[in-house]
Each structure stands twice: as structure tokens, then as C-alpha cells.
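Just input.txt here, compact mmCIF, C-alpha atoms:
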```
# COMPACT_ATOMS: atom_id res chain seq x y z
CA MET A 1 12.63 -2.05 -15.17
CA ILE A 2 15.33 0.45 -16.11
CA GLY A 3 14.22 2.62 -13.20
CA ASN A 4 14.73 -0.29 -10.80
CA VAL A 5 18.26 -0.93 -12.04
CA ILE A 6 19.15 2.73 -11.57
CA LEU A 7 17.71 2.63 -8.03
CA VAL A 8 19.86 -0.42 -7.21
CA ASP A 9 22.88 1.35 -8.71
CA ILE A 10 22.26 4.45 -6.61
CA ALA A 11 21.83 2.37 -3.43
CA LEU A 12 25.02 0.41 -4.07
CA PHE A 13 27.05 3.52 -4.86
CA ALA A 14 25.70 5.13 -1.69
CA ILE A 15 26.90 2.13 0.35
CA LEU A 16 30.30 2.38 -1.39
CA LEU A 17 30.56 6.05 -0.49
CA ALA A 18 29.48 5.41 3.11
CA ALA A 19 32.02 2.59 3.47
CA ALA A 20 34.79 4.78 2.04
CA LEU A 21 33.95 7.64 4.41
CA GLY A 22 33.79 5.16 7.28
CA ILE A 23 37.25 3.82 6.44
CA ALA A 24 38.62 7.37 6.35
CA HIS A 25 36.90 8.32 9.60
CA THR A 26 37.47 5.36 11.92
CA ARG A 27 40.63 5.04 13.98
CA SER A 28 40.06 1.38 14.75
CA LEU A 29 41.92 -0.50 12.05
CA TYR A 30 39.85 -3.65 12.63
CA SER A 31 36.73 -1.67 11.72
CA ALA A 32 38.55 -0.27 8.70
CA ALA A 33 39.48 -3.78 7.55
CA MET A 34 35.90 -5.00 7.90
CA LEU A 35 34.61 -1.90 6.10
CA ALA A 36 37.10 -2.60 3.30
CA GLY A 37 35.56 -6.06 3.05
CA LEU A 38 32.10 -4.49 2.85
CA PHE A 39 33.41 -2.12 0.16
CA SER A 40 34.62 -5.08 -1.90
CA LEU A 41 31.37 -6.98 -1.46
CA THR A 42 29.39 -3.94 -2.61
CA CYS A 43 31.71 -3.63 -5.62
CA ALA A 44 30.99 -7.28 -6.39
CA SER A 45 27.25 -6.58 -6.24
CA LEU A 46 27.74 -3.66 -8.63
CA PHE A 47 29.59 -5.94 -11.04
CA VAL A 48 26.70 -8.43 -10.87
CA VAL A 49 24.26 -5.63 -11.70
CA GLN A 50 26.44 -4.83 -14.72
CA ASP A 51 26.39 -8.53 -15.77
CA ALA A 52 30.14 -8.91 -15.15
CA VAL A 53 29.70 -12.06 -13.07
CA ASP A 54 33.25 -13.36 -13.50
CA VAL A 55 34.73 -10.13 -12.18
CA ALA A 56 32.16 -10.05 -9.39
CA PHE A 57 33.13 -13.58 -8.42
CA THR A 58 36.81 -12.64 -8.24
CA GLU A 59 36.10 -9.45 -6.31
CA ALA A 60 33.95 -11.29 -3.76
CA ALA A 61 36.49 -14.09 -3.28
CA VAL A 62 39.69 -12.02 -3.31
CA GLY A 63 38.57 -8.57 -2.16
CA ALA A 64 35.96 -9.44 0.42
CA GLY A 65 37.36 -12.81 1.45
CA MET A 66 41.12 -13.28 1.29
CA SER A 67 42.15 -9.60 1.53
CA THR A 68 40.10 -9.14 4.69
CA VAL A 69 41.65 -12.22 6.26
CA LEU A 70 45.14 -11.00 5.33
CA PHE A 71 44.35 -7.50 6.68
CA LEU A 72 43.27 -9.03 9.97
CA GLY A 73 46.35 -11.25 9.99
CA THR A 74 48.53 -8.17 9.54
CA LEU A 75 46.70 -6.28 12.28
CA ALA A 76 47.30 -9.19 14.64
CA LEU A 77 51.03 -8.56 14.11
CA THR A 78 50.96 -4.77 14.40
CA HIS A 79 48.73 -2.26 16.17
CA SER A 80 45.00 -2.25 15.71
CA ARG A 81 44.56 1.49 16.24
CA GLU A 82 45.62 4.26 13.92
CA ARG A 83 47.99 6.76 15.46
CA VAL A 84 46.70 10.32 15.63
CA THR A 85 48.37 12.45 12.97
CA PRO A 86 49.98 15.61 14.40
CA PRO A 87 48.18 18.77 13.20
CA THR A 88 51.30 20.10 11.46
CA ARG A 89 51.20 17.16 9.04
CA ARG A 90 47.48 17.29 8.40
CA VAL A 91 47.55 20.26 6.01
CA PRO A 92 49.99 18.74 3.49
CA ALA A 93 48.09 15.44 3.69
CA LEU A 94 44.83 17.26 3.02
CA LEU A 95 46.44 19.09 0.06
CA VAL A 96 47.66 15.80 -1.41
CA ALA A 97 44.26 14.17 -0.93
CA VAL A 98 42.33 17.09 -2.43
CA GLY A 99 44.82 17.39 -5.30
CA THR A 100 44.55 13.71 -6.15
CA GLY A 101 40.76 13.88 -5.88
CA VAL A 102 40.56 16.86 -8.23
CA LEU A 103 42.85 15.13 -10.73
CA LEU A 104 40.77 11.94 -10.59
CA ILE A 105 37.52 13.85 -11.10
CA TYR A 106 39.13 15.75 -13.97
CA ALA A 107 40.26 12.46 -15.51
CA SER A 108 36.82 10.92 -15.04
CA LEU A 109 35.37 13.63 -17.33
CA ASP A 110 37.12 11.81 -20.19
CA LEU A 111 35.43 8.51 -19.36
CA PRO A 112 32.61 7.40 -21.66
CA PRO A 113 29.13 7.84 -20.15
CA TYR A 114 28.02 5.15 -17.67
CA ALA A 115 26.19 2.20 -19.30
CA ASP A 116 25.82 3.87 -22.70
CA PRO A 117 25.33 1.41 -25.60
CA ALA A 118 27.30 3.78 -27.84
CA ASN A 119 30.45 3.43 -25.70
CA PRO A 120 33.68 2.60 -27.53
CA VAL A 121 33.89 -0.79 -25.82
CA GLN A 122 30.49 -1.74 -27.24
CA GLN A 123 31.22 -0.33 -30.69
CA HIS A 124 34.70 -1.71 -31.19
CA PRO A 125 34.88 -4.42 -33.89
CA LEU A 126 36.89 -6.63 -31.50
CA THR A 127 33.86 -6.95 -29.18
CA GLU A 128 31.77 -8.23 -32.07
CA ARG A 129 34.59 -10.57 -33.06
CA TYR A 130 34.93 -12.08 -29.57
CA LEU A 131 31.20 -12.47 -29.05
CA GLN A 132 30.45 -13.94 -32.49
CA THR A 133 33.49 -15.90 -33.62
CA SER A 134 34.63 -17.35 -30.29
CA GLN A 135 31.86 -19.94 -30.38
CA GLN A 136 33.26 -21.48 -33.57
CA GLU A 137 36.93 -20.93 -32.76
CA ILE A 138 36.98 -21.90 -29.09
CA GLY A 139 33.59 -23.48 -28.52
CA VAL A 140 33.41 -22.38 -24.88
CA PRO A 141 30.04 -20.92 -23.81
CA ASN A 142 31.62 -18.46 -21.35
CA VAL A 143 33.24 -15.84 -23.59
CA VAL A 144 35.15 -14.41 -20.62
CA THR A 145 37.00 -17.71 -20.23
CA ALA A 146 37.66 -17.86 -23.97
CA VAL A 147 39.19 -14.36 -23.93
CA LEU A 148 41.07 -14.83 -20.67
CA ALA A 149 42.56 -18.26 -21.28
CA SER A 150 42.90 -18.40 -25.05
CA TYR A 151 42.79 -15.08 -26.94
CA ARG A 152 44.68 -13.26 -24.20
CA GLY A 153 46.35 -16.36 -22.78
CA PHE A 154 49.72 -14.64 -22.79
CA ASP A 155 48.43 -11.82 -20.57
CA THR A 156 46.98 -14.33 -18.14
CA LEU A 157 50.33 -16.13 -18.02
CA GLY A 158 51.79 -12.80 -16.96
CA GLU A 159 49.14 -12.45 -14.23
CA VAL A 160 49.96 -15.90 -12.88
CA ALA A 161 53.65 -14.96 -12.91
CA VAL A 162 52.77 -11.83 -10.90
CA ILE A 163 50.94 -13.93 -8.29
CA PHE A 164 53.84 -16.37 -8.17
CA THR A 165 56.32 -13.52 -7.73
CA ALA A 166 54.21 -11.90 -5.03
CA GLY A 167 53.99 -15.20 -3.18
CA VAL A 168 57.75 -15.71 -3.38
CA ALA A 169 58.42 -12.13 -2.28
CA VAL A 170 56.21 -12.40 0.80
CA LEU A 171 57.77 -15.76 1.67
CA MET A 172 61.23 -14.21 1.44
CA LEU A 173 60.17 -11.32 3.68
CA LEU A 174 58.32 -13.17 6.43
CA GLY A 175 57.85 -16.75 5.44
CA ARG A 176 60.68 -18.42 7.28
CA LEU A 177 58.48 -21.30 8.29
CA ARG A 178 60.82 -22.48 10.98
CA GLY A 179 59.78 -23.57 14.41
CA ASN A 180 57.97 -26.82 14.93
CA ALA A 181 55.73 -27.11 11.92
CA ALA A 182 53.77 -29.97 13.43
CA GLY A 183 52.25 -28.03 16.28
CA SER A 184 53.02 -24.44 17.03
CA PRO A 185 51.88 -23.50 20.50
CA GLY A 186 49.28 -20.86 21.15
CA THR A 187 47.12 -21.25 18.08
CA ALA A 188 46.62 -24.99 18.27
CA PRO A 189 44.37 -26.09 21.10
CA ALA A 190 43.29 -29.72 21.24
CA GLY A 191 41.90 -30.75 17.88
CA GLY A 192 38.95 -32.80 19.05
CA LEU A 193 35.31 -31.93 18.67
CA GLN A 194 34.90 -31.25 22.38
CA GLY A 195 35.71 -28.11 24.30
CA GLU A 196 34.92 -24.45 23.87
CA HIS A 197 35.03 -24.31 20.08
CA ARG A 198 32.71 -27.27 19.63
CA VAL A 199 30.01 -25.57 17.55
CA LEU A 200 32.54 -23.89 15.27
CA ARG A 201 34.45 -27.11 14.76
CA VAL A 202 31.43 -29.26 14.01
CA VAL A 203 30.07 -26.76 11.49
CA ALA A 204 33.48 -26.18 9.91
CA LYS A 205 34.00 -29.92 9.52
CA LEU A 206 30.53 -30.24 8.03
CA LEU A 207 31.08 -27.47 5.49
CA MET A 208 34.69 -28.22 4.57
CA PRO A 209 34.01 -30.93 1.93
CA PHE A 210 31.40 -28.73 0.26
CA ILE A 211 33.70 -25.70 0.14
CA LEU A 212 36.48 -27.74 -1.45
CA LEU A 213 34.01 -29.42 -3.84
CA PHE A 214 32.64 -26.00 -4.77
CA ALA A 215 36.18 -24.84 -5.53
CA LEU A 216 36.61 -27.79 -7.91
CA TYR A 217 33.23 -27.04 -9.49
CA VAL A 218 34.22 -23.42 -10.05
CA GLN A 219 37.55 -24.61 -11.46
CA PHE A 220 36.16 -27.00 -14.03
CA HIS A 221 32.85 -25.30 -14.75
CA GLY A 222 34.59 -22.05 -15.69
CA ASP A 223 34.22 -22.89 -19.40
CA PHE A 224 30.44 -22.90 -19.09
CA GLY A 225 29.59 -20.40 -16.37
CA PRO A 226 31.25 -17.78 -14.25
CA GLY A 227 34.40 -19.03 -12.61
CA GLY A 228 37.83 -20.36 -13.48
CA GLY A 229 41.23 -20.88 -12.00
CA PHE A 230 41.56 -17.58 -10.12
CA GLN A 231 38.25 -17.86 -8.29
CA ALA A 232 38.63 -21.59 -7.66
CA GLY A 233 42.14 -21.17 -6.26
CA VAL A 234 40.97 -18.49 -3.84
CA ILE A 235 37.92 -20.53 -2.74
CA PHE A 236 40.11 -23.58 -2.16
CA ALA A 237 42.51 -21.44 -0.13
CA ALA A 238 39.56 -19.96 1.80
CA GLY A 239 38.55 -23.48 2.81
CA ILE A 240 42.03 -24.14 4.19
CA VAL A 241 42.04 -20.72 5.89
CA LEU A 242 38.75 -21.59 7.60
CA TYR A 243 40.25 -24.88 8.74
CA THR A 244 43.31 -23.06 10.09
CA LEU A 245 41.24 -20.49 11.96
CA VAL A 246 39.05 -23.12 13.61
CA PHE A 247 41.49 -25.98 14.21
CA GLY A 248 44.77 -24.12 14.59
CA LEU A 249 47.83 -23.59 12.43
CA GLY A 250 49.53 -26.78 13.56
CA HIS A 251 46.72 -29.03 12.35
CA ALA A 252 46.37 -27.17 9.06
CA ARG A 253 50.11 -27.43 8.41
CA ALA A 254 49.93 -31.15 9.09
CA VAL A 255 47.17 -31.55 6.47
CA VAL A 256 48.46 -29.13 3.82
CA THR A 257 52.17 -28.96 4.51
CA PRO A 258 54.19 -25.87 3.54
CA GLY A 259 56.60 -28.19 1.71
CA ILE A 260 53.88 -29.35 -0.68
CA LEU A 261 52.66 -25.79 -1.14
CA ARG A 262 56.15 -24.58 -1.98
CA MET A 263 56.23 -27.21 -4.72
CA LEU A 264 52.72 -26.39 -5.97
CA LEU A 265 53.43 -22.64 -6.15
CA PRO A 266 55.79 -22.88 -9.14
CA LEU A 267 54.11 -26.03 -10.49
CA GLY A 268 51.00 -24.14 -11.61
CA LEU A 269 53.06 -21.52 -13.44
CA LEU A 270 55.21 -24.26 -14.99
CA LEU A 271 52.09 -26.12 -16.14
CA TYR A 272 50.79 -22.95 -17.79
CA ALA A 273 54.07 -22.08 -19.47
CA GLY A 274 54.57 -25.77 -20.29
CA VAL A 275 51.38 -25.81 -22.35
CA GLY A 276 52.85 -22.89 -24.28
CA VAL A 277 56.10 -24.75 -24.86
CA ALA A 278 54.17 -27.85 -25.91
CA THR A 279 52.25 -25.89 -28.53
CA LEU A 280 55.56 -24.45 -29.76
CA LEU A 281 57.03 -27.95 -30.10
CA LEU A 282 53.89 -29.15 -31.90
CA GLY A 283 54.46 -26.47 -34.51
CA GLY A 284 52.04 -23.77 -33.39
CA ALA A 285 52.60 -20.39 -31.83
CA PHE A 286 53.18 -19.99 -28.08
CA LEU A 287 49.89 -20.87 -26.31
CA ASP A 288 48.14 -21.56 -29.62
CA TYR A 289 46.02 -24.47 -28.40
CA ASN A 290 44.91 -25.41 -31.93
CA ALA A 291 48.27 -27.15 -32.24
CA LEU A 292 47.34 -29.57 -29.45
CA SER A 293 44.81 -31.25 -31.74
CA PRO A 294 45.33 -30.29 -35.38
CA GLN A 295 42.43 -32.45 -36.64
CA ASP A 296 39.91 -30.82 -34.32
CA PRO A 297 41.10 -27.34 -33.24
CA VAL A 298 38.13 -26.81 -30.90
CA GLN A 299 39.12 -29.95 -28.99
CA GLY A 300 42.65 -28.56 -28.72
CA GLN A 301 41.28 -25.28 -27.39
CA HIS A 302 39.28 -27.13 -24.74
CA LEU A 303 42.31 -29.15 -23.62
CA GLY A 304 44.54 -26.09 -23.57
CA ILE A 305 42.06 -24.01 -21.55
CA LEU A 306 41.56 -26.90 -19.10
CA LEU A 307 45.31 -27.27 -18.48
CA VAL A 308 45.98 -23.56 -18.30
CA GLU A 309 43.12 -22.94 -15.87
CA ALA A 310 44.38 -25.82 -13.73
CA GLY A 311 47.77 -24.13 -13.63
CA VAL A 312 46.18 -20.84 -12.58
CA GLY A 313 44.16 -22.55 -9.85
CA ILE A 314 47.17 -24.43 -8.44
CA THR A 315 49.41 -21.38 -8.25
CA VAL A 316 46.71 -19.09 -6.84
CA ALA A 317 45.65 -21.58 -4.16
CA ALA A 318 49.25 -22.31 -3.12
CA ALA A 319 50.16 -18.60 -3.03
CA MET A 320 47.11 -17.66 -0.95
CA ILE A 321 47.57 -20.47 1.59
CA LEU A 322 51.31 -19.76 1.89
CA LEU A 323 50.62 -16.04 2.44
CA PHE A 324 48.11 -16.87 5.15
CA TYR A 325 50.47 -19.38 6.80
CA ALA A 326 53.23 -16.78 6.77
CA PHE A 327 51.06 -14.20 8.57
CA ALA A 328 49.43 -16.68 10.95
CA GLY A 329 52.80 -18.29 11.78
CA ARG A 330 54.25 -14.93 12.78
CA GLY A 331 51.31 -14.17 15.02
CA ALA A 332 51.73 -17.52 16.76
CA ARG A 333 55.38 -16.92 17.63
CA SER A 334 55.27 -13.44 19.10
CA MET B 1 -0.84 -20.21 -9.54
CA THR B 2 -2.04 -17.04 -7.83
CA VAL B 3 -2.06 -18.84 -4.46
CA VAL B 4 1.60 -19.68 -4.90
CA LEU B 5 2.35 -16.11 -5.94
CA VAL B 6 0.53 -14.68 -2.92
CA ALA B 7 2.32 -17.10 -0.58
CA SER B 8 5.62 -16.21 -2.20
CA TRP B 9 5.11 -12.48 -1.74
CA ALA B 10 3.91 -13.01 1.82
CA LEU B 11 7.16 -14.86 2.58
CA ILE B 12 9.27 -12.22 0.83
CA THR B 13 7.53 -9.44 2.75
CA ALA B 14 7.98 -11.30 6.05
CA GLY B 15 11.68 -11.78 5.22
CA ALA B 16 12.08 -8.09 4.40
CA VAL B 17 10.34 -7.11 7.65
CA LEU B 18 12.66 -9.40 9.62
CA ALA B 19 15.69 -7.96 7.84
CA LEU B 20 14.49 -4.49 8.73
CA THR B 21 13.91 -5.61 12.33
CA GLY B 22 17.49 -6.85 12.47
CA ALA B 23 18.80 -3.54 11.13
CA LEU B 24 16.70 -1.59 13.62
CA GLY B 25 17.85 -3.80 16.48
CA LEU B 26 21.47 -3.29 15.44
CA PHE B 27 21.03 0.43 16.10
CA ARG B 28 18.63 0.42 19.04
CA LEU B 29 19.61 -2.50 21.27
CA PRO B 30 21.77 -1.72 24.31
CA ASP B 31 24.84 -3.96 24.11
CA PHE B 32 27.03 -6.13 21.91
CA TYR B 33 25.24 -9.43 22.59
CA THR B 34 21.74 -8.19 21.85
CA ARG B 35 23.03 -6.42 18.73
CA THR B 36 24.71 -9.61 17.52
CA HIS B 37 21.40 -11.36 18.07
CA ALA B 38 19.61 -8.71 15.98
CA ALA B 39 22.18 -8.94 13.20
CA SER B 40 21.87 -12.71 13.10
CA ILE B 41 18.09 -12.41 12.63
CA THR B 42 18.73 -10.58 9.36
CA ASP B 43 20.85 -13.26 7.78
CA SER B 44 19.23 -16.37 9.26
CA ALA B 45 15.46 -15.81 9.46
CA GLY B 46 15.25 -12.81 7.12
CA ALA B 47 17.34 -14.28 4.34
CA SER B 48 15.75 -17.73 4.73
CA LEU B 49 12.23 -16.37 4.31
CA LEU B 50 13.31 -14.28 1.32
CA LEU B 51 14.86 -17.34 -0.29
CA LEU B 52 11.77 -19.46 0.47
CA GLY B 53 9.63 -16.80 -1.18
CA LEU B 54 11.90 -16.80 -4.23
CA LEU B 55 11.85 -20.60 -4.25
CA LEU B 56 8.08 -20.56 -4.81
CA GLN B 57 8.67 -18.41 -7.91
CA ALA B 58 11.59 -20.47 -9.23
CA GLU B 59 11.03 -21.16 -12.91
CA SER B 60 13.09 -24.34 -13.08
CA PHE B 61 14.43 -27.12 -10.89
CA ALA B 62 17.99 -25.89 -11.48
CA VAL B 63 17.18 -22.48 -10.00
CA GLY B 64 15.13 -23.95 -7.15
CA ILE B 65 17.79 -26.37 -5.98
CA ARG B 66 20.34 -23.55 -5.93
CA LEU B 67 18.07 -21.38 -3.79
CA LEU B 68 17.48 -24.31 -1.45
CA LEU B 69 21.24 -24.98 -1.15
CA ILE B 70 21.96 -21.30 -0.47
CA MET B 71 19.31 -21.34 2.26
CA LEU B 72 20.75 -24.48 3.80
CA PHE B 73 24.23 -22.93 3.72
CA LEU B 74 22.99 -19.75 5.40
CA LEU B 75 21.14 -21.75 8.05
CA PHE B 76 24.44 -23.39 8.96
CA THR B 77 26.78 -20.43 8.69
CA SER B 78 24.94 -17.42 10.06
CA PRO B 79 23.97 -18.84 13.49
CA THR B 80 27.50 -20.24 13.75
CA ALA B 81 28.97 -16.85 12.97
CA ALA B 82 26.76 -15.18 15.58
CA HIS B 83 27.72 -17.86 18.10
CA ALA B 84 31.43 -17.42 17.35
CA LEU B 85 31.16 -13.64 17.70
CA ALA B 86 29.34 -13.84 21.02
CA GLN B 87 31.71 -16.48 22.37
CA ALA B 88 34.76 -14.47 21.36
CA ALA B 89 33.34 -11.40 23.09
CA LEU B 90 32.54 -13.39 26.23
CA LYS B 91 36.03 -14.89 26.27
CA ASP B 92 37.48 -11.42 25.84
CA GLY B 93 35.72 -10.42 29.08
CA LEU B 94 32.90 -8.31 27.65
CA LYS B 95 30.03 -8.39 30.18
CA PRO B 96 26.45 -8.41 28.92
CA VAL B 97 24.45 -5.36 29.98
CA LEU B 98 21.79 -6.64 32.38
CA GLY B 99 19.02 -5.27 34.58
CA ARG B 100 18.16 -1.59 34.71
CA ALA B 101 21.00 -0.47 32.47
CA ALA B 102 19.61 -2.59 29.64
CA ARG B 103 16.22 -0.91 29.82
CA ARG B 104 17.49 2.57 29.07
```

Please, can you express the file's structure as C-alpha cells?
Amino acid sequence: MIGNVILVDIALFAILLAAALGIAHTRSLYSAAMLAGLFSLTCASLFVVQDAVDVAFTEAAVGAGMSTVLFLGTLALTHSRERVTPPTRRVPALLVAVGTGVLLIYASLDLPPYADPANPVQQHPLTERYLQTSQQEIGVPNVVTAVLASYRGFDTLGEVAVIFTAGVAVLMLLGRLRGNAAGSPGTAPAGGLQGEHRVLRVVAKLLMPFILLFALYVQFHGDFGPGGGFQAGVIFAAGIVLYTLVFGLGHARAVVTPGILRMLLPLGLLLYAGVGVATLLLGGAFLDYNALSPQDPVQGQHLGILLVEAGVGITVAAAMILLFYAFAGRGARS
Amino acid sequence: MTVVLVASWALITAGAVLALTGALGLFRLPDFYTRTHAASITDSAGASLLLLGLLLQAESFAVGIRLLLIMLFLLFTSPTAAHALAQAALKDGLKPVLGRAARR
């Protein structure tokens, strides 16, 4: 069995290497974007092999899904071919690349051995503490969710703030959603089920409810299995992105209006931080969910994690959809 | 039990062979449309047979229903993706390679 796992590892790392070399080699930026998606998907498979399903889920949804779509959206605005670097600038670039590579390899010598049970992360008392005590303290079967949303809830608040800030920054740079929001020309052909995109539209309509339902499942099942607010938000956004690609930006903006999204973007962060303030007012520490239900702390933990994850999902979904709208809207105008 | 196991492995092998066929076709076939067709064999027929084979070995209903749903999802998405690719190429003006040129 161990031999099989090593074989799978070797195969996946070989694909990673091939994808990386392909990205470096190709001049077509569309190919590079698709190869980057393949790279992410292979990373996700590697994470699954290492039993890190939550991380794999995020990598597959964000890295392979949304990032690729945003890459392609960017390429639609710029050029899709890489300019040839003049030979005089190749030598310094090569020096920088080789230097960085040597440094990285040198640094990797300090890493603990791959998949060794005696690694510091396995031996550290905190690992034991999380794995053993979290069941009594938090009562959530998925320890990753317990660590992410409760033990390190403050860190996750910071992550949500980063996503919020990134969304706001991109909106400030290129998100002037002016023009006629109801139906921008060019990307919005007739919305019926007839015409040249019939197959795509029928299938997209068929799958849409299941994609959105799956997002909700991932959102609320994150306590028990892999998933949570980050993954759910991205999956929800992916559903809307699919709708936009197939039915046109105008129709998507009519269903999920930018106005609502601009309200949801801070709402998720506010909900998260608001839970923290509520626990403060109830006499606990910031984001100490035990204060939400002093008689039954586990119940308080469950409520707190539910609210906080909902906040994460709302902000992530709104940020992703707004980013995509911003890119797609630019492409439609020029 | 052994009958089920044999059937399962037969399906898995058939799926693997089809996946390999798709990969081979991706390299060997002459133009974009035939290559798209080969690639879509891998993730529609190949993956479906693999999943059917796994379904026969599913240890519980919960696992089985998931495999079945994944298969159903793939049966919807992968032909649609191939169709969308081919249609986009056709709309972009890419001509299929026909006749003698295709036989090289």
C-alpha cells in the first residue's frame, strides 16, 4: 500500500513539474493560464493524497476554478501572447531565476522530511491538544473547522478582511460599473433557450440549482466534513460565473445586481466581527463563542462557528462575483 | 460476490482502456475537432465506466449514491464542454481537416 501512495506522489509531482515547465515554455498566455489551472488541480490531488481535504477543496475551487476564470478575463482585456524578451535582458533574468532557485533549494534543506511521523508538526503538543480536546470543547467533527473558525478565529477574521480589502481595491481600480447595467451590448445575446448556444444554455440551466445547492451544502456541512465558508463562497460565485458566461453579463447583473453585491461584501465581514463584539458584550473574550451560551458552551461554539462561517461565505462570494463582473464588464465595453 | 468483483474490474479496465484511447487520440489525431472528440471520450465514457466499476465495489449506500451523482454530473458536463469547444472553434473560423489531408 505504501508503495502505491509513493507511486501516486511521484506521478503527481511529475505532472506538476511538467505543467510548470510548460508554463515557462509556452508563449501563448491562454495555454499558460490553462496550464496554471492544471497545476492547481494537481496540487489539489496531492493535498487529497496527504489527507488535507479542506485545503484540497479550497485549492480546486480557488486555484483551478476562479483564478483560471480571472486569468482568462484579464487576457481578454490585454494581449494573449507573451512578447519576446530581447536577448540583452535574458541573462539578468536567468541569473535572478537561477539565484532564486538555488536559494529555495537551499532553504528546502531545512524542511522536515516529507511525510515523516517524527516531524515537528506531528510531535508538537498543540497537535495532540487540537485533535483530542476539540471534541469536548467545540464538539465539531471536522477539526479543521474547529481550528479555523474557533481556536484561530481571529486569524480567519483577518483573512476575511484581506479578501474584503482585495475586493474593494479591485473595484476602485477597474470596477466603475457604469454603463447600462441592465444589458451591456456585445456579451448579452438573446436570453432564450433557442439559437446557437442552445445546448450550453439548457445544460447550464439544468445544473445551476444543483451548483448553488452544493454551495449551501458545503457551507453548512463544513462542521462535519470538508468544506466551509471559503469553499462555499467560491462555489456559489462559480455558479454565477457560469451563468454569466452562458447567458451574458446583462442577464447575470439583472439577477445578482452589483448593488446587492456591494452591500453583501462588507456585510459578511461585519457579521464575523459582529459575533466578536457580541461575545465581548456578553462578557467573554473577542470571538470566544462560549459566551454566546454560558449554560452549554458547546452549543455556543456551534452557533458562533455557524455565524462566522456564514460571514466568510457571504464576503467571499460577493468579492469573487464582483471581481468577475469588473473584468467581464471591461471586456464588454472595449 | 466474485461475479460482482469480476464485473467491477472488467468495467474499470474498460474505462482505463478508453481513457488511454482518448489520450492517444489527443496526440495522434489530425485536427482540433477530432482531438476534442478524443479528449471527450476520456471524461465521458472512460470516467463513466471507471465510476460504474467503483460503484459495484461501493461498501455503503452513501458512497454509491455519491459515485452515481458524480457520474451523472460528468455525463452532463463533459459532452457539453466538448460541444462548446467545438462550436467556439467553428465560430472562430477553424476549418475541420477533411479528405486526404486527414489521412496523413

One residue among B:Ser60, B:Gln87, B:Thr2, B:Thr34 is nearest to chain A when using only C-alpha atoms, and that residue is B:Gln87

Note to self: Using only C-alpha atoms and a distance of at most 8 Å, pull out the residues of chain B that contact chain A, as a ChimeraX atom specification.
What the structure shows: /B:76-77,80,84

note - atom CA of Phe230 of chain A and atom CA of Gln132 of chain A are separated by 25.2 Å

(Q) Residues within 7 Å of segment 218-224 of chain A, please, as an NGL selection string. Count all atoms listed in the file; anything in the same chain fewer than 5 positions from it doesn't count. (A) :A and (140-142 or 145 or 229 or 232)

Those same residues, written as a short mmCIF file (atom, residue, chain, number, x, y, z; two decimals), in the coordinates of the input with C-alpha atoms?
```cif
data_model
loop_
_atom_site.label_atom_id
_atom_site.label_comp_id
_atom_site.auth_asym_id
_atom_site.auth_seq_id
_atom_site.Cartn_x
_atom_site.Cartn_y
_atom_site.Cartn_z
CA VAL A 140 33.41 -22.38 -24.88
CA PRO A 141 30.04 -20.92 -23.81
CA ASN A 142 31.62 -18.46 -21.35
CA THR A 145 37.00 -17.71 -20.23
CA GLY A 229 41.23 -20.88 -12.00
CA ALA A 232 38.63 -21.59 -7.66
#
```

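Interatomic distance, atom CA of Ala97 of chain A against atom CA of Ala14 of chain A: 20.7 Å.
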